[in-house]
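What's in data.cif: mmCIF, N, CA and C atoms
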```
data_protein
#
loop_
_atom_site.label_atom_id
_atom_site.label_comp_id
_atom_site.auth_asym_id
_atom_site.auth_seq_id
_atom_site.Cartn_x
_atom_site.Cartn_y
_atom_site.Cartn_z
N MET A 49 78.32 80.91 62.05
CA MET A 49 77.77 81.53 63.22
C MET A 49 78.75 82.54 63.83
N GLY A 50 80.03 82.24 63.70
CA GLY A 50 81.05 83.16 64.22
C GLY A 50 81.04 84.49 63.50
N ASP A 51 80.73 84.44 62.20
CA ASP A 51 80.67 85.68 61.44
C ASP A 51 79.52 86.56 61.90
N LEU A 52 78.41 85.93 62.30
CA LEU A 52 77.28 86.70 62.82
C LEU A 52 77.67 87.40 64.12
N PHE A 53 78.36 86.70 65.00
CA PHE A 53 78.80 87.32 66.25
C PHE A 53 79.81 88.43 65.99
N ALA A 54 80.68 88.23 65.01
CA ALA A 54 81.64 89.28 64.65
C ALA A 54 80.91 90.51 64.15
N TRP A 55 79.89 90.29 63.33
CA TRP A 55 79.14 91.43 62.81
C TRP A 55 78.39 92.14 63.93
N ILE A 56 77.76 91.40 64.82
CA ILE A 56 77.02 92.01 65.92
C ILE A 56 77.96 92.81 66.82
N PHE A 57 79.13 92.25 67.13
CA PHE A 57 80.10 92.95 67.96
C PHE A 57 80.55 94.24 67.30
N SER A 58 80.89 94.18 66.01
CA SER A 58 81.36 95.38 65.31
C SER A 58 80.23 96.40 65.17
N PHE A 59 79.01 95.93 64.98
CA PHE A 59 77.86 96.84 64.88
C PHE A 59 77.68 97.62 66.17
N PHE A 60 77.73 96.94 67.31
CA PHE A 60 77.54 97.63 68.58
C PHE A 60 78.72 98.53 68.93
N ILE A 61 79.91 98.16 68.52
CA ILE A 61 81.07 99.04 68.72
C ILE A 61 80.90 100.32 67.90
N LEU A 62 80.45 100.18 66.66
CA LEU A 62 80.22 101.36 65.82
C LEU A 62 79.12 102.24 66.40
N ILE A 63 78.07 101.64 66.92
CA ILE A 63 77.00 102.42 67.55
C ILE A 63 77.54 103.16 68.77
N ALA A 64 78.39 102.50 69.57
CA ALA A 64 78.98 103.15 70.74
C ALA A 64 79.85 104.34 70.32
N LEU A 65 80.62 104.16 69.25
CA LEU A 65 81.43 105.27 68.76
C LEU A 65 80.57 106.43 68.28
N LEU A 66 79.48 106.10 67.60
CA LEU A 66 78.56 107.15 67.15
C LEU A 66 77.97 107.91 68.34
N VAL A 67 77.61 107.20 69.38
CA VAL A 67 77.05 107.84 70.57
C VAL A 67 78.08 108.77 71.21
N LEU A 68 79.32 108.33 71.30
CA LEU A 68 80.37 109.16 71.90
C LEU A 68 80.61 110.44 71.10
N VAL A 69 80.64 110.33 69.79
CA VAL A 69 80.88 111.51 68.95
C VAL A 69 79.67 112.45 68.98
N VAL A 70 78.47 111.91 68.97
CA VAL A 70 77.27 112.75 69.05
C VAL A 70 77.21 113.45 70.40
N TYR A 71 77.61 112.77 71.46
CA TYR A 71 77.65 113.40 72.78
C TYR A 71 78.61 114.58 72.79
N GLN A 72 79.77 114.41 72.16
CA GLN A 72 80.73 115.51 72.09
C GLN A 72 80.16 116.68 71.29
N LEU A 73 79.48 116.37 70.19
CA LEU A 73 78.85 117.43 69.39
C LEU A 73 77.76 118.15 70.17
N MET A 74 77.01 117.42 70.97
CA MET A 74 75.96 118.06 71.78
C MET A 74 76.57 118.98 72.83
N CYS A 75 77.67 118.57 73.42
CA CYS A 75 78.35 119.43 74.39
C CYS A 75 78.86 120.70 73.73
N LEU A 76 79.40 120.58 72.54
CA LEU A 76 79.87 121.76 71.81
C LEU A 76 78.71 122.66 71.40
N ALA A 77 77.59 122.06 71.01
CA ALA A 77 76.42 122.86 70.65
C ALA A 77 75.85 123.57 71.88
N ASP A 78 75.83 122.90 73.01
CA ASP A 78 75.38 123.54 74.25
C ASP A 78 76.28 124.71 74.62
N LEU A 79 77.56 124.56 74.41
CA LEU A 79 78.50 125.65 74.68
C LEU A 79 78.27 126.81 73.72
N GLU A 80 78.03 126.48 72.47
CA GLU A 80 77.81 127.53 71.46
C GLU A 80 76.56 128.35 71.76
N PHE A 81 75.52 127.69 72.23
CA PHE A 81 74.27 128.40 72.55
C PHE A 81 74.23 128.89 73.99
N ASP A 82 75.35 128.79 74.69
CA ASP A 82 75.52 129.31 76.04
C ASP A 82 74.60 128.64 77.06
N TYR A 83 74.37 127.35 76.88
CA TYR A 83 73.60 126.59 77.87
C TYR A 83 74.50 126.02 78.96
N ILE A 84 75.80 126.01 78.70
CA ILE A 84 76.75 125.39 79.61
C ILE A 84 78.02 126.24 79.60
N ASN A 85 78.73 126.25 80.71
CA ASN A 85 79.96 127.05 80.75
C ASN A 85 81.12 126.28 80.11
N PRO A 86 82.17 126.98 79.73
CA PRO A 86 83.28 126.33 79.03
C PRO A 86 83.97 125.24 79.84
N TYR A 87 84.10 125.42 81.14
CA TYR A 87 84.77 124.42 81.97
C TYR A 87 84.00 123.10 81.97
N ASP A 88 82.69 123.16 82.16
CA ASP A 88 81.88 121.94 82.17
C ASP A 88 81.89 121.26 80.81
N SER A 89 81.79 122.06 79.77
CA SER A 89 81.79 121.49 78.42
C SER A 89 83.12 120.78 78.12
N ALA A 90 84.22 121.44 78.43
CA ALA A 90 85.53 120.85 78.17
C ALA A 90 85.74 119.59 79.01
N SER A 91 85.32 119.62 80.26
CA SER A 91 85.52 118.44 81.11
C SER A 91 84.65 117.27 80.64
N ARG A 92 83.44 117.54 80.19
CA ARG A 92 82.57 116.47 79.68
C ARG A 92 83.14 115.85 78.41
N ILE A 93 83.63 116.69 77.53
CA ILE A 93 84.20 116.18 76.28
C ILE A 93 85.49 115.41 76.55
N ASN A 94 86.34 115.96 77.42
CA ASN A 94 87.63 115.32 77.71
C ASN A 94 87.46 113.97 78.39
N LYS A 95 86.34 113.77 79.09
CA LYS A 95 86.09 112.48 79.74
C LYS A 95 85.83 111.37 78.73
N VAL A 96 85.31 111.70 77.57
CA VAL A 96 84.93 110.66 76.60
C VAL A 96 85.90 110.56 75.42
N VAL A 97 86.91 111.41 75.37
CA VAL A 97 87.84 111.37 74.24
C VAL A 97 88.67 110.10 74.27
N LEU A 98 89.28 109.77 75.40
CA LEU A 98 90.11 108.56 75.46
C LEU A 98 89.28 107.29 75.29
N PRO A 99 88.08 107.17 75.90
CA PRO A 99 87.27 105.99 75.58
C PRO A 99 86.92 105.86 74.10
N GLU A 100 86.71 107.01 73.43
CA GLU A 100 86.46 106.96 71.99
C GLU A 100 87.67 106.43 71.25
N PHE A 101 88.86 106.91 71.59
CA PHE A 101 90.08 106.46 70.93
C PHE A 101 90.32 104.98 71.17
N ILE A 102 90.14 104.53 72.41
CA ILE A 102 90.36 103.13 72.74
C ILE A 102 89.35 102.23 72.04
N THR A 103 88.10 102.64 72.02
CA THR A 103 87.05 101.85 71.36
C THR A 103 87.32 101.74 69.87
N GLN A 104 87.76 102.82 69.26
CA GLN A 104 88.05 102.77 67.83
C GLN A 104 89.26 101.88 67.57
N GLY A 105 90.26 101.91 68.44
CA GLY A 105 91.41 101.03 68.29
C GLY A 105 91.03 99.57 68.45
N VAL A 106 90.13 99.28 69.39
CA VAL A 106 89.65 97.90 69.58
C VAL A 106 88.90 97.43 68.34
N LEU A 107 88.11 98.31 67.75
CA LEU A 107 87.37 97.94 66.54
C LEU A 107 88.32 97.61 65.39
N CYS A 108 89.33 98.44 65.20
CA CYS A 108 90.30 98.19 64.13
C CYS A 108 91.06 96.89 64.38
N LEU A 109 91.46 96.66 65.62
CA LEU A 109 92.15 95.42 65.98
C LEU A 109 91.24 94.22 65.80
N PHE A 110 89.97 94.36 66.16
CA PHE A 110 89.00 93.28 66.00
C PHE A 110 88.83 92.91 64.54
N TYR A 111 88.71 93.92 63.68
CA TYR A 111 88.60 93.64 62.25
C TYR A 111 89.85 92.91 61.74
N SER A 112 91.02 93.30 62.22
CA SER A 112 92.25 92.65 61.78
C SER A 112 92.32 91.20 62.25
N LEU A 113 91.96 90.97 63.50
CA LEU A 113 92.04 89.62 64.06
C LEU A 113 91.01 88.66 63.45
N THR A 114 89.86 89.19 63.04
CA THR A 114 88.83 88.32 62.47
C THR A 114 88.99 88.16 60.96
N GLY A 115 89.97 88.81 60.37
CA GLY A 115 90.23 88.62 58.95
C GLY A 115 89.40 89.49 58.03
N HIS A 116 88.79 90.52 58.55
CA HIS A 116 88.02 91.45 57.72
C HIS A 116 88.96 92.60 57.33
N TRP A 117 89.81 92.31 56.36
CA TRP A 117 90.90 93.21 56.01
C TRP A 117 90.41 94.51 55.41
N PHE A 118 89.37 94.45 54.61
CA PHE A 118 88.86 95.68 53.97
C PHE A 118 88.36 96.65 55.03
N MET A 119 87.58 96.16 55.98
CA MET A 119 87.06 97.04 57.03
C MET A 119 88.20 97.52 57.92
N SER A 120 89.19 96.69 58.15
CA SER A 120 90.35 97.09 58.94
C SER A 120 91.12 98.21 58.24
N LEU A 121 91.27 98.09 56.94
CA LEU A 121 91.94 99.15 56.18
C LEU A 121 91.15 100.45 56.19
N LEU A 122 89.82 100.33 56.18
CA LEU A 122 89.01 101.55 56.25
C LEU A 122 89.08 102.22 57.61
N CYS A 123 89.29 101.44 58.66
CA CYS A 123 89.43 102.00 60.01
C CYS A 123 90.81 102.60 60.23
N GLY A 124 91.76 102.25 59.40
CA GLY A 124 93.14 102.68 59.57
C GLY A 124 93.36 104.18 59.60
N PRO A 125 92.83 104.96 58.65
CA PRO A 125 93.07 106.40 58.68
C PRO A 125 92.50 107.08 59.93
N TYR A 126 91.34 106.63 60.37
CA TYR A 126 90.74 107.20 61.57
C TYR A 126 91.60 106.87 62.79
N LEU A 127 92.10 105.64 62.86
CA LEU A 127 92.97 105.24 63.96
C LEU A 127 94.28 106.03 63.92
N TYR A 128 94.83 106.20 62.73
CA TYR A 128 96.07 106.97 62.59
C TYR A 128 95.86 108.41 63.05
N TYR A 129 94.74 109.01 62.67
CA TYR A 129 94.45 110.38 63.07
C TYR A 129 94.34 110.49 64.59
N ASN A 130 93.66 109.54 65.21
CA ASN A 130 93.52 109.56 66.66
C ASN A 130 94.87 109.38 67.37
N VAL A 131 95.69 108.48 66.87
CA VAL A 131 97.01 108.26 67.46
C VAL A 131 97.88 109.51 67.30
N ARG A 132 97.79 110.13 66.13
CA ARG A 132 98.57 111.36 65.90
C ARG A 132 98.12 112.48 66.83
N LEU A 133 96.82 112.62 67.04
CA LEU A 133 96.33 113.63 67.99
C LEU A 133 96.83 113.34 69.39
N TYR A 134 96.81 112.08 69.78
CA TYR A 134 97.25 111.71 71.12
C TYR A 134 98.74 111.95 71.31
N GLN A 135 99.54 111.61 70.30
CA GLN A 135 100.99 111.80 70.42
C GLN A 135 101.36 113.27 70.48
N ARG A 136 100.64 114.10 69.78
CA ARG A 136 100.90 115.55 69.80
C ARG A 136 100.24 116.24 70.98
N ARG A 137 99.53 115.49 71.78
CA ARG A 137 98.79 116.00 72.94
C ARG A 137 97.77 117.07 72.54
N GLN A 138 97.11 116.83 71.43
CA GLN A 138 96.06 117.73 70.96
C GLN A 138 94.68 117.09 71.07
N HIS A 139 94.58 115.99 71.79
CA HIS A 139 93.32 115.26 71.87
C HIS A 139 92.36 115.85 72.89
N LEU A 140 92.86 116.59 73.86
CA LEU A 140 91.99 117.19 74.88
C LEU A 140 91.69 118.64 74.52
N ILE A 141 90.52 119.08 74.94
CA ILE A 141 90.10 120.46 74.68
C ILE A 141 90.58 121.35 75.81
N ASP A 142 91.22 122.44 75.47
CA ASP A 142 91.69 123.40 76.46
C ASP A 142 90.55 124.37 76.79
N VAL A 143 90.31 124.56 78.08
CA VAL A 143 89.21 125.41 78.52
C VAL A 143 89.42 126.85 78.07
N THR A 144 90.65 127.31 78.09
CA THR A 144 90.91 128.71 77.76
C THR A 144 90.81 129.00 76.27
N GLU A 145 90.95 127.97 75.44
CA GLU A 145 90.92 128.16 73.99
C GLU A 145 89.67 127.59 73.34
N ILE A 146 88.70 127.18 74.13
CA ILE A 146 87.56 126.46 73.57
C ILE A 146 86.72 127.33 72.64
N PHE A 147 86.58 128.60 72.96
CA PHE A 147 85.78 129.46 72.08
C PHE A 147 86.50 129.78 70.78
N ASN A 148 87.82 129.87 70.83
CA ASN A 148 88.58 130.14 69.60
C ASN A 148 88.57 128.94 68.66
N LEU A 149 88.50 127.74 69.22
CA LEU A 149 88.57 126.52 68.41
C LEU A 149 87.22 125.84 68.26
N LEU A 150 86.15 126.51 68.62
CA LEU A 150 84.83 125.88 68.62
C LEU A 150 84.43 125.39 67.23
N ASN A 151 84.58 126.22 66.21
CA ASN A 151 84.20 125.79 64.85
C ASN A 151 85.07 124.63 64.37
N TRP A 152 86.38 124.68 64.66
CA TRP A 152 87.27 123.60 64.25
C TRP A 152 86.89 122.30 64.95
N GLU A 153 86.61 122.35 66.23
CA GLU A 153 86.25 121.15 66.99
C GLU A 153 84.94 120.56 66.48
N LYS A 154 83.98 121.41 66.16
CA LYS A 154 82.71 120.92 65.61
C LYS A 154 82.91 120.27 64.25
N LYS A 155 83.71 120.90 63.39
CA LYS A 155 83.97 120.32 62.06
C LYS A 155 84.69 118.99 62.18
N GLN A 156 85.63 118.92 63.10
CA GLN A 156 86.38 117.69 63.30
C GLN A 156 85.44 116.56 63.72
N ARG A 157 84.54 116.82 64.64
CA ARG A 157 83.63 115.79 65.11
C ARG A 157 82.54 115.47 64.08
N LEU A 158 82.14 116.45 63.29
CA LEU A 158 81.19 116.17 62.22
C LEU A 158 81.82 115.27 61.16
N PHE A 159 83.10 115.49 60.87
CA PHE A 159 83.80 114.62 59.93
C PHE A 159 83.89 113.20 60.50
N LYS A 160 84.21 113.09 61.79
CA LYS A 160 84.26 111.77 62.43
C LYS A 160 82.90 111.10 62.39
N LEU A 161 81.85 111.88 62.62
CA LEU A 161 80.49 111.34 62.58
C LEU A 161 80.16 110.80 61.19
N GLY A 162 80.47 111.57 60.16
CA GLY A 162 80.24 111.11 58.79
C GLY A 162 81.02 109.86 58.46
N TYR A 163 82.27 109.80 58.90
CA TYR A 163 83.12 108.64 58.66
C TYR A 163 82.56 107.41 59.35
N LEU A 164 82.09 107.57 60.59
CA LEU A 164 81.52 106.44 61.33
C LEU A 164 80.20 105.97 60.71
N ILE A 165 79.40 106.90 60.22
CA ILE A 165 78.15 106.51 59.55
C ILE A 165 78.47 105.73 58.27
N PHE A 166 79.49 106.17 57.55
CA PHE A 166 79.93 105.44 56.36
C PHE A 166 80.37 104.02 56.72
N LEU A 167 81.16 103.88 57.79
CA LEU A 167 81.58 102.55 58.24
C LEU A 167 80.40 101.70 58.69
N LEU A 168 79.41 102.34 59.32
CA LEU A 168 78.23 101.60 59.76
C LEU A 168 77.45 101.06 58.57
N PHE A 169 77.26 101.88 57.55
CA PHE A 169 76.55 101.41 56.36
C PHE A 169 77.33 100.30 55.65
N LEU A 170 78.64 100.44 55.58
CA LEU A 170 79.45 99.38 54.98
C LEU A 170 79.34 98.09 55.79
N SER A 171 79.30 98.23 57.10
CA SER A 171 79.16 97.06 57.96
C SER A 171 77.82 96.37 57.73
N ILE A 172 76.76 97.15 57.60
CA ILE A 172 75.43 96.58 57.35
C ILE A 172 75.39 95.88 56.01
N PHE A 173 75.95 96.50 54.97
CA PHE A 173 75.95 95.88 53.66
C PHE A 173 76.89 94.68 53.61
N TRP A 174 77.98 94.73 54.39
CA TRP A 174 78.91 93.61 54.45
C TRP A 174 78.18 92.38 54.98
N TYR A 175 77.38 92.55 56.02
CA TYR A 175 76.67 91.41 56.58
C TYR A 175 75.59 90.92 55.63
N SER A 176 74.86 91.84 55.00
CA SER A 176 73.79 91.40 54.10
C SER A 176 74.37 90.69 52.88
N ASP A 177 75.52 91.14 52.38
CA ASP A 177 76.16 90.45 51.26
C ASP A 177 76.65 89.07 51.67
N GLN A 178 77.14 88.94 52.89
CA GLN A 178 77.59 87.63 53.35
C GLN A 178 76.41 86.68 53.51
N ARG A 179 75.28 87.20 53.95
CA ARG A 179 74.09 86.36 54.09
C ARG A 179 73.62 85.89 52.72
N LYS A 180 73.66 86.79 51.73
CA LYS A 180 73.27 86.41 50.38
C LYS A 180 74.23 85.36 49.83
N ALA A 181 75.52 85.56 50.06
CA ALA A 181 76.51 84.60 49.58
C ALA A 181 76.31 83.24 50.25
N ALA A 182 76.00 83.24 51.54
CA ALA A 182 75.75 81.98 52.24
C ALA A 182 74.48 81.31 51.71
N ALA A 183 73.46 82.09 51.42
CA ALA A 183 72.22 81.53 50.87
C ALA A 183 72.46 80.93 49.49
N TYR A 184 73.23 81.64 48.66
CA TYR A 184 73.53 81.10 47.34
C TYR A 184 74.36 79.82 47.43
N MET A 185 75.29 79.78 48.36
CA MET A 185 76.11 78.58 48.56
C MET A 185 75.23 77.42 49.03
N TYR A 186 74.29 77.69 49.91
CA TYR A 186 73.38 76.65 50.39
C TYR A 186 72.51 76.12 49.24
N LEU A 187 72.00 77.03 48.40
CA LEU A 187 71.21 76.59 47.25
C LEU A 187 72.04 75.74 46.29
N LEU A 188 73.26 76.17 46.05
CA LEU A 188 74.13 75.43 45.17
C LEU A 188 74.41 74.03 45.71
N LEU A 189 74.70 73.96 46.99
CA LEU A 189 74.96 72.66 47.61
C LEU A 189 73.71 71.76 47.63
N SER A 190 72.55 72.38 47.81
CA SER A 190 71.32 71.59 47.83
C SER A 190 71.00 71.04 46.43
N PHE A 191 71.39 71.76 45.37
CA PHE A 191 71.18 71.25 44.03
C PHE A 191 72.20 70.16 43.69
N LEU A 192 73.41 70.29 44.22
CA LEU A 192 74.45 69.30 43.94
C LEU A 192 74.27 68.01 44.74
N ARG A 193 73.62 68.08 45.86
CA ARG A 193 73.46 66.90 46.72
C ARG A 193 72.63 65.80 46.04
N PRO A 194 71.53 66.10 45.35
CA PRO A 194 70.78 65.00 44.73
C PRO A 194 71.57 64.30 43.61
N LEU A 195 72.59 64.94 43.07
CA LEU A 195 73.37 64.33 42.00
C LEU A 195 74.27 63.22 42.53
N GLU A 196 74.54 63.20 43.82
CA GLU A 196 75.44 62.20 44.37
C GLU A 196 74.82 60.86 44.46
#
```
Structure rendered as structure tokens:
Amino acid sequence: MGDLFAWIFSFFILIALLVLVVYQLMCLADLEFDYINPYDSASRINKVVLPEFITQGVLCLFYSLTGHWFMSLLCGPYLYYNVRLYQRRQHLIDVTEIFNLLNWEKKQRLFKLGYLIFLLFLSIFWYSDQRKAAAYMYLLLSFLRPLE
């Protein structure tokens, strides 16, 4: 039962990360199509950057603490990239440079989106494989029980 709760928690964390990255992409798209001014777009994106980093760090730590080493290793490069951006102080969008870096920022977030979707699919298959393994174990035990 604990594994089910671990899967549900990680699933909702991944969905939250997807929502944050899609929100950032929508803000950049609104800026590109001139629906919003650069100051508002940068401030909206900068408000959700640190929560995205913290949420992703919590997910990686959660995978490590629950013993899901493969998923923790897959979260590692994304966590390393976020920590490196934060240490270099490149995690926030500068209002004066937003138009010059618009394509780079969109590509960066599209890559993050693809990576998170990949992790989400792995998480879904991880749970379904565990359910199959548990079902097979239950069948095996049910066949062995009458032999006793």
(message) Set the distance at 7 Å and use all atoms listed in the file: which residues neighbour stretch 78-90 of chain A once local chain neighbours fewer than 3 positions away are removed? I'd like the list as an MDAnalysis selection string.
(response) chainID A and resid 73:75 93:95 141:143 146
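Checking A:Leu133, A:Leu158, A:Leu127, A:Val69 one by one against A:Arg92, counting only C-alpha atoms, you find the shortest gap at A:Val69.
Atom pair atom CA of A:Gln138 / atom CA of A:Phe166 has a distance of 25.0 Å (rounded to one decimal).
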(request) Have a look at A:Ile165, A:Trp174, A:Gly105, A:Glu153 and name the one nearest to A:Leu76; count only N, CA and C atoms. (result)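 Result for the nearest residue to A:Leu76: A:Glu153.
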(request) Would you mind reading off the distance between atom C of A:His139 and atom C of A:Leu62, one decimal, in Å? (result) 20.1 Å
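This file gives the following result for the PyMOL selection byres ((chain A and resi 53-60) around 8): Met49, Gly50, Asp51, Leu52, Ile61, Leu62, Ile63, Ala64, Leu65, Leu66, Leu107, Phe110, Tyr111, Thr114, Leu168, Ser171, Ile172, Trp174 and Tyr175 of chain A.
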(message) Calculated over all atoms listed in the file, which of the candidates A:Leu109, A:Ile102, A:Met119, A:Val67 has the smallest distance to A:Leu167?
(response)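 Looking only at the distances to A:Leu167, the closest residue turns out to be A:Met119.
Here atom CA of A:Pro125 stands at a distance of 10.2 Å from atom CA of A:Cys108.
The residue that comes closest to A:Ala77, out of A:Val131, A:Leu122, A:Lys154, A:Gly162 and on the basis of only N, CA and C atoms, is A:Lys154.
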(request) Name the closest residue to A:Leu98 among the candidates A:Gln156, A:Leu140, A:Phe173, A:Asn151; distances are taken between atoms, counting all atoms listed in the file. (result) A:Leu140
Using all atoms of stretch 111-121 of chain A listed in the file and a margin of 8 Å per side, can you give the axis-aligned box centre and edge lengths in Å to one decimal, as lines of an AutoDock Vina configuration file?
```
center_x = 89.7
center_y = 94.3
center_z = 59.0
size_x = 21.3
size_y = 28.3
size_z = 26.1
```
